[in-house]
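What follows is the content of query.cif, which has mmCIF, C-alpha atoms:
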```cif
data_input
loop_
_atom_site.group_PDB
_atom_site.id
_atom_site.type_symbol
_atom_site.label_atom_id
_atom_site.label_comp_id
_atom_site.auth_asym_id
_atom_site.auth_seq_id
_atom_site.Cartn_x
_atom_site.Cartn_y
_atom_site.Cartn_z
ATOM 1 C CA MET A 67 13.184 101.881 121.197
ATOM 2 C CA LYS A 68 9.507 102.039 122.109
ATOM 3 C CA ILE A 69 6.975 99.863 120.343
ATOM 4 C CA LYS A 70 3.283 100.774 120.468
ATOM 5 C CA VAL A 71 0.436 98.789 118.953
ATOM 6 C CA ASN A 72 -2.798 100.696 118.447
ATOM 7 C CA PRO A 73 -5.670 98.429 117.331
ATOM 8 C CA ASN A 74 -8.254 100.359 115.306
ATOM 9 C CA VAL A 75 -11.241 98.519 113.815
ATOM 10 C CA GLU A 76 -11.856 101.338 111.348
ATOM 11 C CA LEU A 77 -8.597 100.667 109.489
ATOM 12 C CA ARG A 78 -8.760 98.385 106.456
ATOM 13 C CA GLU A 79 -5.131 97.324 106.565
ATOM 14 C CA ILE A 80 -2.166 97.462 108.914
ATOM 15 C CA GLU A 81 -0.476 100.850 108.951
ATOM 16 C CA VAL A 82 3.084 101.184 110.227
ATOM 17 C CA VAL A 83 4.283 104.655 111.204
ATOM 18 C CA ILE A 84 7.819 105.135 112.466
ATOM 19 C CA ASN A 85 8.466 108.195 114.585
ATOM 20 C CA CYS A 86 12.165 108.888 114.848
ATOM 21 C CA PRO A 87 14.554 111.801 115.440
ATOM 22 C CA ARG A 88 16.320 111.103 112.153
ATOM 23 C CA GLU A 89 16.332 108.429 109.452
ATOM 24 C CA ASP A 90 19.442 106.421 110.315
ATOM 25 C CA GLU A 91 20.606 102.889 109.544
ATOM 26 C CA THR A 92 18.413 101.315 112.249
ATOM 27 C CA VAL A 93 15.312 102.953 110.811
ATOM 28 C CA GLN A 94 16.210 101.747 107.317
ATOM 29 C CA ARG A 95 16.654 98.209 108.661
ATOM 30 C CA ILE A 96 13.245 98.380 110.367
ATOM 31 C CA VAL A 97 11.662 99.557 107.105
ATOM 32 C CA ALA A 98 13.362 96.772 105.127
ATOM 33 C CA THR A 99 12.270 94.153 107.668
ATOM 34 C CA VAL A 100 8.668 95.367 107.719
ATOM 35 C CA ARG A 101 8.571 95.449 103.918
ATOM 36 C CA ALA A 102 9.880 91.887 103.786
ATOM 37 C CA ILE A 103 7.139 90.566 106.100
ATOM 38 C CA ASN A 104 4.360 90.528 103.560
ATOM 39 C CA LYS A 105 6.422 89.540 100.567
ATOM 40 C CA ARG A 106 5.059 86.473 98.882
ATOM 41 C CA LEU A 107 5.724 84.764 95.597
ATOM 42 C CA HIS A 108 2.893 83.766 93.340
ATOM 43 C CA GLY A 109 3.422 80.384 91.719
ATOM 44 C CA ARG A 110 1.625 77.490 90.103
ATOM 45 C CA PHE A 111 1.881 73.846 91.026
ATOM 46 C CA ASP A 112 -0.230 71.088 89.524
ATOM 47 C CA ASN A 113 -2.500 73.669 87.768
ATOM 48 C CA GLU A 114 -3.266 75.396 91.062
ATOM 49 C CA SER A 115 -2.117 78.835 92.195
ATOM 50 C CA TYR A 116 -0.315 79.391 95.463
ATOM 51 C CA ASN A 117 1.047 82.404 97.337
ATOM 52 C CA VAL A 118 4.210 81.281 99.053
ATOM 53 C CA ASP A 119 5.955 83.160 101.853
ATOM 54 C CA ILE A 120 9.430 84.149 100.599
ATOM 55 C CA ASN A 121 11.024 82.720 103.739
ATOM 56 C CA GLU A 122 9.901 79.272 102.604
ATOM 57 C CA VAL A 123 11.676 79.634 99.263
ATOM 58 C CA LEU A 124 15.112 77.992 99.056
ATOM 59 C CA TYR A 125 16.111 79.203 95.624
ATOM 60 C CA ILE A 126 14.763 80.388 92.290
ATOM 61 C CA ASP A 127 15.933 78.888 89.044
ATOM 62 C CA SER A 128 15.422 79.690 85.386
ATOM 63 C CA VAL A 129 15.327 76.736 82.978
ATOM 64 C CA ASP A 130 14.641 77.199 79.258
ATOM 65 C CA ARG A 131 13.124 80.652 79.865
ATOM 66 C CA ARG A 132 10.749 79.269 82.477
ATOM 67 C CA VAL A 133 11.210 80.371 86.076
ATOM 68 C CA PHE A 134 10.714 78.006 89.023
ATOM 69 C CA PHE A 135 11.041 78.542 92.747
ATOM 70 C CA TYR A 136 11.804 75.722 95.140
ATOM 71 C CA THR A 137 10.590 75.157 98.682
ATOM 72 C CA GLU A 138 11.608 72.159 100.772
ATOM 73 C CA SER A 139 8.919 69.960 99.317
ATOM 74 C CA GLN A 140 7.517 71.642 96.188
ATOM 75 C CA VAL A 141 8.558 73.262 92.947
ATOM 76 C CA TYR A 142 6.376 76.147 91.736
ATOM 77 C CA GLU A 143 6.444 77.828 88.358
ATOM 78 C CA THR A 144 6.114 81.584 88.246
ATOM 79 C CA GLU A 145 5.297 83.877 85.345
ATOM 80 C CA LYS A 146 7.702 86.561 86.516
ATOM 81 C CA LYS A 147 11.134 86.955 84.980
ATOM 82 C CA LEU A 148 14.238 86.344 87.055
ATOM 83 C CA TYR A 149 15.303 90.020 87.005
ATOM 84 C CA GLU A 150 11.806 91.081 88.119
ATOM 85 C CA LEU A 151 12.021 88.692 91.069
ATOM 86 C CA GLU A 152 15.506 89.952 91.868
ATOM 87 C CA GLU A 153 14.170 93.513 92.050
ATOM 88 C CA TYR A 154 11.144 92.447 94.083
ATOM 89 C CA LEU A 155 13.272 90.480 96.548
ATOM 90 C CA GLY A 156 15.867 93.224 97.004
ATOM 91 C CA ASN A 157 16.572 94.148 100.653
ATOM 92 C CA SER A 158 15.937 90.562 101.719
ATOM 93 C CA SER A 159 18.238 87.562 102.003
ATOM 94 C CA PHE A 160 17.996 86.664 98.302
ATOM 95 C CA PHE A 161 21.123 86.938 96.183
ATOM 96 C CA ARG A 162 22.144 86.044 92.669
ATOM 97 C CA ALA A 163 24.134 82.813 92.472
ATOM 98 C CA SER A 164 24.464 82.667 88.689
ATOM 99 C CA LYS A 165 22.825 84.057 85.575
ATOM 100 C CA SER A 166 19.980 81.595 86.044
ATOM 101 C CA THR A 167 19.731 81.243 89.840
ATOM 102 C CA ILE A 168 18.789 83.335 92.881
ATOM 103 C CA ILE A 169 19.369 81.800 96.303
ATOM 104 C CA ASN A 170 17.915 82.500 99.743
ATOM 105 C CA LEU A 171 20.973 82.838 101.961
ATOM 106 C CA ASN A 172 18.810 82.294 105.047
ATOM 107 C CA ARG A 173 18.008 78.786 103.812
ATOM 108 C CA VAL A 174 21.577 77.726 103.080
ATOM 109 C CA ARG A 175 22.825 74.932 105.349
ATOM 110 C CA SER A 176 26.507 75.178 104.501
ATOM 111 C CA LEU A 177 28.867 76.557 101.914
ATOM 112 C CA ARG A 178 32.347 75.725 100.749
ATOM 113 C CA PRO A 179 34.702 76.981 98.080
ATOM 114 C CA GLU A 180 34.907 75.214 94.740
ATOM 115 C CA LEU A 181 37.650 75.084 92.168
ATOM 116 C CA GLY A 182 37.615 78.136 89.932
ATOM 117 C CA ALA A 183 36.795 80.722 92.653
ATOM 118 C CA ARG A 184 33.212 79.511 92.915
ATOM 119 C CA LEU A 185 31.085 78.500 95.885
ATOM 120 C CA LEU A 186 29.077 75.351 96.406
ATOM 121 C CA LEU A 187 26.006 75.875 98.578
ATOM 122 C CA THR A 188 24.111 73.088 100.282
ATOM 123 C CA MET A 189 20.509 74.149 100.792
ATOM 124 C CA GLU A 190 18.427 73.047 103.778
ATOM 125 C CA ASN A 191 16.833 70.269 101.734
ATOM 126 C CA GLY A 192 20.267 68.905 100.805
ATOM 127 C CA GLU A 193 20.266 70.221 97.228
ATOM 128 C CA LYS A 194 23.527 71.671 95.956
ATOM 129 C CA VAL A 195 23.629 75.015 94.171
ATOM 130 C CA LEU A 196 26.713 76.362 92.479
ATOM 131 C CA VAL A 197 27.566 80.064 92.780
ATOM 132 C CA SER A 198 29.457 81.221 89.713
ATOM 133 C CA ARG A 199 32.724 83.142 89.922
ATOM 134 C CA GLN A 200 30.918 86.347 88.924
ATOM 135 C CA TYR A 201 28.563 86.317 91.930
ATOM 136 C CA ALA A 202 30.679 84.476 94.556
ATOM 137 C CA GLN A 203 32.422 87.697 95.500
ATOM 138 C CA SER A 204 29.186 89.532 96.338
ATOM 139 C CA ILE A 205 28.020 86.647 98.549
ATOM 140 C CA LYS A 206 31.363 86.640 100.358
ATOM 141 C CA ALA A 207 30.973 90.382 100.870
ATOM 142 C CA VAL A 208 27.522 89.881 102.407
ATOM 143 C CA LEU A 209 28.942 87.237 104.750
ATOM 144 C CA GLU A 210 31.874 89.525 105.500
ATOM 145 C CA VAL A 211 34.523 86.959 104.602
ATOM 146 C CA ASP A 212 37.672 87.740 102.507
ATOM 147 C CA MET B 1004 24.808 73.748 71.173
ATOM 148 C CA LYS B 1005 25.808 77.001 72.880
ATOM 149 C CA LYS B 1006 27.178 75.060 75.881
ATOM 150 C CA LEU B 1007 29.198 72.823 73.544
ATOM 151 C CA PHE B 1008 30.632 75.871 71.803
ATOM 152 C CA ILE B 1009 31.571 77.460 75.160
ATOM 153 C CA GLY B 1010 33.158 74.167 76.254
ATOM 154 C CA LEU B 1011 35.192 73.855 73.053
ATOM 155 C CA THR B 1012 36.310 77.492 73.336
ATOM 156 C CA GLU B 1013 37.455 76.853 76.918
ATOM 157 C CA VAL B 1014 39.351 73.712 75.849
ATOM 158 C CA PHE B 1015 41.016 75.603 73.001
ATOM 159 C CA SER B 1016 42.083 78.600 75.114
ATOM 160 C CA THR B 1017 43.428 76.346 77.905
ATOM 161 C CA PHE B 1018 45.205 74.198 75.317
ATOM 162 C CA ILE B 1019 46.955 77.264 73.861
ATOM 163 C CA ILE B 1020 48.059 78.462 77.328
ATOM 164 C CA ILE B 1021 49.427 75.052 78.399
ATOM 165 C CA LEU B 1022 51.087 74.509 75.020
ATOM 166 C CA GLY B 1023 52.670 77.956 75.267
ATOM 167 C CA ILE B 1024 54.120 77.146 78.692
ATOM 168 C CA GLN B 1025 55.395 73.763 77.492
ATOM 169 C CA PHE B 1026 57.028 75.248 74.404
ATOM 170 C CA LEU B 1027 58.622 77.933 76.550
ATOM 171 C CA LEU B 1028 60.088 75.262 78.842
ATOM 172 C CA LEU B 1029 61.167 73.277 75.786
ATOM 173 C CA MET B 1030 62.956 76.315 74.360
ATOM 174 C CA ILE B 1031 64.778 76.878 77.667
ATOM 175 C CA ARG B 1032 65.752 73.197 77.763
ATOM 176 C CA ALA B 1033 66.670 72.904 74.062
ATOM 177 C CA PRO B 1034 70.242 74.327 74.172
ATOM 178 C CA PHE B 1035 71.183 71.733 76.821
ATOM 179 C CA VAL B 1036 69.453 68.715 75.273
ATOM 180 C CA PHE B 1037 69.864 69.464 71.558
ATOM 181 C CA PRO B 1038 73.013 71.572 71.366
ATOM 182 C CA ASN B 1039 73.624 70.878 67.692
ATOM 183 C CA ASP B 1040 70.143 70.151 66.483
ATOM 184 C CA ASP B 1041 66.615 71.546 66.255
ATOM 185 C CA ILE B 1042 63.879 70.476 68.648
ATOM 186 C CA SER B 1043 62.702 67.032 67.574
ATOM 187 C CA ARG B 1044 59.266 66.473 66.135
ATOM 188 C CA TYR B 1045 58.716 63.754 68.768
ATOM 189 C CA GLU B 1046 59.086 66.220 71.641
ATOM 190 C CA MET B 1047 56.712 68.666 69.944
ATOM 191 C CA LYS B 1048 54.178 65.870 69.520
ATOM 192 C CA ILE B 1049 54.426 65.049 73.233
ATOM 193 C CA CYS B 1050 53.809 68.700 74.081
ATOM 194 C CA LEU B 1051 50.735 68.837 71.818
ATOM 195 C CA ILE B 1052 49.179 65.625 73.190
ATOM 196 C CA THR B 1053 49.873 66.369 76.860
ATOM 197 C CA ALA B 1054 48.580 69.940 76.465
ATOM 198 C CA LEU B 1055 45.373 68.554 74.943
ATOM 199 C CA VAL B 1056 44.882 66.034 77.792
ATOM 200 C CA PHE B 1057 45.511 68.670 80.468
ATOM 201 C CA ALA B 1058 43.231 71.178 78.704
ATOM 202 C CA VAL B 1059 40.336 68.696 78.509
ATOM 203 C CA ALA B 1060 40.879 67.682 82.173
ATOM 204 C CA HIS B 1061 41.025 71.333 83.229
ATOM 205 C CA VAL B 1062 37.751 72.182 81.494
ATOM 206 C CA PHE B 1063 36.180 68.977 82.845
ATOM 207 C CA ILE B 1064 37.064 69.972 86.418
ATOM 208 C CA PHE B 1065 36.438 73.715 86.175
ATOM 209 C CA SER B 1066 33.463 74.029 83.805
ATOM 210 C CA ASP B 1067 30.296 75.432 85.416
ATOM 211 C CA HIS B 1068 28.002 73.177 83.406
ATOM 212 C CA ILE B 1069 29.751 69.986 84.500
ATOM 213 C CA ALA B 1070 30.199 71.264 88.074
ATOM 214 C CA GLU B 1071 26.419 71.678 88.374
ATOM 215 C CA LYS B 1072 25.890 68.011 87.522
ATOM 216 C CA MET B 1073 28.863 66.287 89.126
ATOM 217 C CA PRO B 1074 30.575 66.756 92.520
ATOM 218 C CA MET B 1075 34.179 67.912 92.607
ATOM 219 C CA LEU B 1076 35.517 64.621 93.955
ATOM 220 C CA ARG B 1077 34.026 62.620 91.063
ATOM 221 C CA ARG B 1078 35.337 65.087 88.493
ATOM 222 C CA CYS B 1079 38.807 64.865 90.031
ATOM 223 C CA LEU B 1080 38.700 61.069 90.194
ATOM 224 C CA ILE B 1081 37.655 60.732 86.552
ATOM 225 C CA SER B 1082 40.375 63.076 85.332
ATOM 226 C CA PHE B 1083 42.960 61.570 87.685
ATOM 227 C CA LEU B 1084 44.025 58.590 85.536
ATOM 228 C CA PRO B 1085 44.620 60.429 82.222
ATOM 229 C CA CYS B 1086 46.341 63.257 84.123
ATOM 230 C CA ALA B 1087 48.542 60.833 86.076
ATOM 231 C CA VAL B 1088 49.574 58.952 82.919
ATOM 232 C CA THR B 1089 50.240 62.223 81.065
ATOM 233 C CA ALA B 1090 52.136 63.739 83.983
ATOM 234 C CA GLY B 1091 54.068 60.461 84.308
ATOM 235 C CA HIS B 1092 54.934 60.572 80.628
ATOM 236 C CA LEU B 1093 56.182 64.138 80.969
ATOM 237 C CA VAL B 1094 58.257 63.145 83.994
ATOM 238 C CA TYR B 1095 59.617 60.163 82.033
ATOM 239 C CA GLU B 1096 60.513 62.238 78.991
ATOM 240 C CA PHE B 1097 61.741 65.428 80.560
ATOM 241 C CA THR B 1098 62.925 64.884 84.113
ATOM 242 C CA SER B 1099 63.451 61.460 85.636
ATOM 243 C CA SER B 1100 65.792 60.307 82.899
ATOM 244 C CA SER B 1101 68.184 63.093 83.722
ATOM 245 C CA LEU B 1102 67.661 62.567 87.459
ATOM 246 C CA LEU B 1103 68.338 58.841 87.521
ATOM 247 C CA GLY B 1104 70.522 58.421 84.485
ATOM 248 C CA LEU B 1105 68.720 55.178 83.747
ATOM 249 C CA ARG B 1106 68.189 55.907 80.085
ATOM 250 C CA SER B 1107 71.817 56.516 79.278
ATOM 251 C CA ASP B 1108 71.924 53.071 77.704
ATOM 252 C CA GLY B 1109 69.031 52.990 75.238
ATOM 253 C CA HIS B 1110 69.177 49.207 74.829
ATOM 254 C CA ARG B 1111 68.499 48.408 78.462
ATOM 255 C CA LEU B 1112 64.831 47.672 78.186
ATOM 256 C CA TYR B 1113 64.291 46.836 81.855
ATOM 257 C CA ALA B 1114 65.722 50.219 82.844
ATOM 258 C CA GLN B 1115 63.348 51.986 80.469
ATOM 259 C CA VAL B 1116 60.344 50.051 81.773
ATOM 260 C CA PHE B 1117 61.352 50.771 85.346
ATOM 261 C CA ASP B 1118 61.851 54.415 84.431
ATOM 262 C CA MET B 1119 58.382 54.587 82.870
ATOM 263 C CA TYR B 1120 56.642 52.981 85.880
ATOM 264 C CA PHE B 1121 58.588 55.200 88.216
ATOM 265 C CA SER B 1122 57.548 58.272 86.227
ATOM 266 C CA VAL B 1123 53.853 57.360 86.252
ATOM 267 C CA ILE B 1124 54.022 56.797 90.026
ATOM 268 C CA VAL B 1125 55.792 60.135 90.543
ATOM 269 C CA GLY B 1126 53.167 61.853 88.347
ATOM 270 C CA ALA B 1127 50.303 60.165 90.226
ATOM 271 C CA ILE B 1128 51.760 61.020 93.641
ATOM 272 C CA GLY B 1129 52.184 64.611 92.527
ATOM 273 C CA ILE B 1130 48.564 64.882 91.384
ATOM 274 C CA VAL B 1131 47.201 63.165 94.530
ATOM 275 C CA LEU B 1132 49.251 65.535 96.658
ATOM 276 C CA VAL B 1133 47.864 68.561 94.824
ATOM 277 C CA PHE B 1134 44.256 67.271 95.180
ATOM 278 C CA PHE B 1135 44.852 66.528 98.880
ATOM 279 C CA LEU B 1136 46.248 69.993 99.598
ATOM 280 C CA ILE B 1137 43.377 71.671 97.706
ATOM 281 C CA GLU B 1138 40.783 69.583 99.573
ATOM 282 C CA MET B 1139 42.346 70.366 102.986
ATOM 283 C CA GLN B 1140 42.464 74.062 102.196
ATOM 284 C CA PHE B 1141 38.840 74.065 100.956
ATOM 285 C CA ARG B 1142 37.615 72.300 104.113
ATOM 286 C CA LYS B 1143 39.379 74.866 106.272
ATOM 287 C CA ILE B 1144 37.872 77.774 104.308
ATOM 288 C CA GLY B 1145 34.470 76.024 104.300
ATOM 289 C CA LYS B 1146 34.419 75.987 108.107
ATOM 290 C CA ARG B 1147 35.155 79.724 108.152
ATOM 291 C CA TYR B 1148 32.370 80.361 105.647
ATOM 292 C CA ASP B 1149 29.906 78.275 107.682
ATOM 293 C CA LYS B 1150 30.718 80.306 110.775
ATOM 294 C CA ALA B 1151 30.152 83.529 108.808
ATOM 295 C CA LEU B 1152 26.847 82.113 107.517
ATOM 296 C CA GLN B 1153 25.641 81.397 111.068
ATOM 297 C CA GLU B 1154 26.581 84.944 112.080
ATOM 298 C CA TYR B 1155 24.669 86.299 109.083
ATOM 299 C CA LYS B 1156 21.567 84.281 110.003
ATOM 300 C CA GLN B 1157 21.854 85.517 113.594
ATOM 301 C CA ARG B 1158 22.046 89.118 112.388
ATOM 302 C CA LYS B 1159 18.961 88.602 110.217
ATOM 303 C CA LYS B 1160 17.113 87.024 113.134
ATOM 304 C CA GLU B 1161 17.895 89.993 115.357
ATOM 305 C CA GLU B 1162 16.709 92.374 112.638
ATOM 306 C CA GLY B 1163 13.471 90.406 112.484
ATOM 307 C CA LYS B 1164 12.975 90.822 116.211
ATOM 308 C CA LEU B 1165 13.238 94.611 116.014
#
```
Can you give me the file's structure in the form of structure tokens?
Amino acid sequence: MKIKVNPNVELREIEVVINCPREDETVQRIVATVRAINKRLHGRFDNESYNVDINEVLYIDSVDRRVFFYTESQVYETEKKLYELEEYLGNSSFFRASKSTIINLNRVRSLRPELGARLLLTMENGEKVLVSRQYAQSIKAVLEVD
Amino acid sequence: MKKLFIGLTEVFSTFIIILGIQFLLLMIRAPFVFPNDDISRYEMKICLITALVFAVAHVFIFSDHIAEKMPMLRRCLISFLPCAVTAGHLVYEFTSSSLLGLRSDGHRLYAQVFDMYFSVIVGAIGIVLVFFLIEMQFRKIGKRYDKALQEYKQRKKEEGKL
């Protein structure tokens, strides 16, 4: 695979063009990775707005119809609904853990089974997140276990 | 309120299942224990109470809402004592007496007390053994999952380098 970078001061934003013989799985993975680069979540903390890189987000949680996303040190509130975030974060390492939680699998430190065919995830900040029976199977499929 | 309703529904459905199994076992046992009589009200009462204890313990251990707030070990430890006593009582009433023959003489109080202690210990050992086996199995699976997680992260990293 050849990679060329052509700097052009006349361009207003970065333009990525992929030249390929056919659109195969590798090309789709490149597209998904490039799309994920600029993905950020808009949230509020202490009456101030922040744009947080999705790779910093550990998990997203919905409590009493309010949606929060958690980084290692902060908790931000977002105006978006959980299903909107799920759509937005598709093709990345975010997966549903329960009806009210989306987790970033890249920021999981360890996982172990729980009674009742569930999974217990330990995030990188030490917090524990429970994956319900309904969604445990899809996470196992992503990890290619069972 | 909704969570309470879900919890009560879970307790009720588990209670019915456990009670059903106990009654089934009681029916199988009845011709041998009560050849000329109906099943006693006392035995039915035992089934109802033990089914209720096991149902509450089951929901306490398996419920999502409690699992989010309390680690598995603590949930198991809390439900251990009532489960051990209940299991011991079941052992005392339905098995150990026939195994040891200690209750053949109903007036021998010391034999009954010994039988009861023995039953509770057997019940407790049984429950500890089950918890131990589950924990060992979960640790083994957990290691496999962790390995798969590292492989997943590696794959993602390589995709990022493309």
| request: Work out how far apart CA of Glu91 in chain A and CA of Val71 in chain A are and give it in Å to one decimal. | output: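 These two atoms are separated by 22.6 Å.
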| query | Counting only C-alpha atoms, what is within 12 Å of Glu1071 in chain B, bar same-chain residues fewer than 5 positions away, as an MDAnalysis selection string? | reply | (chainID A and resid 164 167 180 184:187 193:198) or (chainID B and resid 1063:1066 1078)
| task | Take the PyMOL selection byres ((chain B and resi 1050) around 9), apply it to the structure above, and return the hits as a ChimeraX atom specification. | result | /B:1021-1022,1025-1026,1029,1045-1049,1051-1055,1093
| Hey, which of B:Cys1086, B:Ala1151, B:Leu1028, B:Leu1132 ends up closest to chain A? Count only C-alpha atoms. |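 The answer is B:Ala1151, which sits nearest to chain A.
As for CA of Lys1150 in chain B and CA of Leu151 in chain A, they are spaced 28.4 Å apart.
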| field | Contact set, chain B to chain A: 12 Å, only C-alpha atoms, as a PyMOL selection string | value | chain B and resi 1061-1076+1078-1079+1134+1137-1165
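The interatomic distance for the pair CA of Ala1127 in chain B and CA of Ile1020 in chain B works out to 22.5 Å.
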Return the padded bounding box of range 1020-1028 of chain B as JSON: axis-aligned, built from all atoms listed in the file, 8 Å added on each side, with centre and edge lengths in Å to one decimal.
```
{"center_x": 54.1, "center_y": 76.1, "center_z": 76.6, "size_x": 28.0, "size_y": 20.7, "size_z": 20.4}
```
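Of the listed residues (A:Asn157, A:Ser166, A:Gln200, A:Ser139), A:Asn157 comes nearest to Lys105 in chain A; the distances count only C-alpha atoms.
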| task | Mind checking which residues fall within 7 Å of range 133-135 of chain A, counting all atoms listed in the file, ignoring those fewer than 6 positions away in the same chain, and posting them as a PyMOL selection string? | result | chain A and resi 123+125-127+141-145+147-148
| message | Show me the residues close to (5.3, 103.9, 115.7) - anything with an atom within 9 Å, counting all atoms listed in the file - and format the list as a list in words. | response |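 In the file's frame, the residues around the point are Lys68, Ile69, Lys70, Val71, Val82, Val83, Ile84, Asn85 and Cys86 of chain A.
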| said: Taking 3 positions as the minimum chain separation for residues in the same chain, which residues sit within 8 Å of Val1125 in chain B when counting only C-alpha atoms? Answer as a list in words. | reply: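 The residues satisfying every condition are Gly1091, Val1094, Phe1121, Ser1122, Ile1128 and Gly1129 of chain B.
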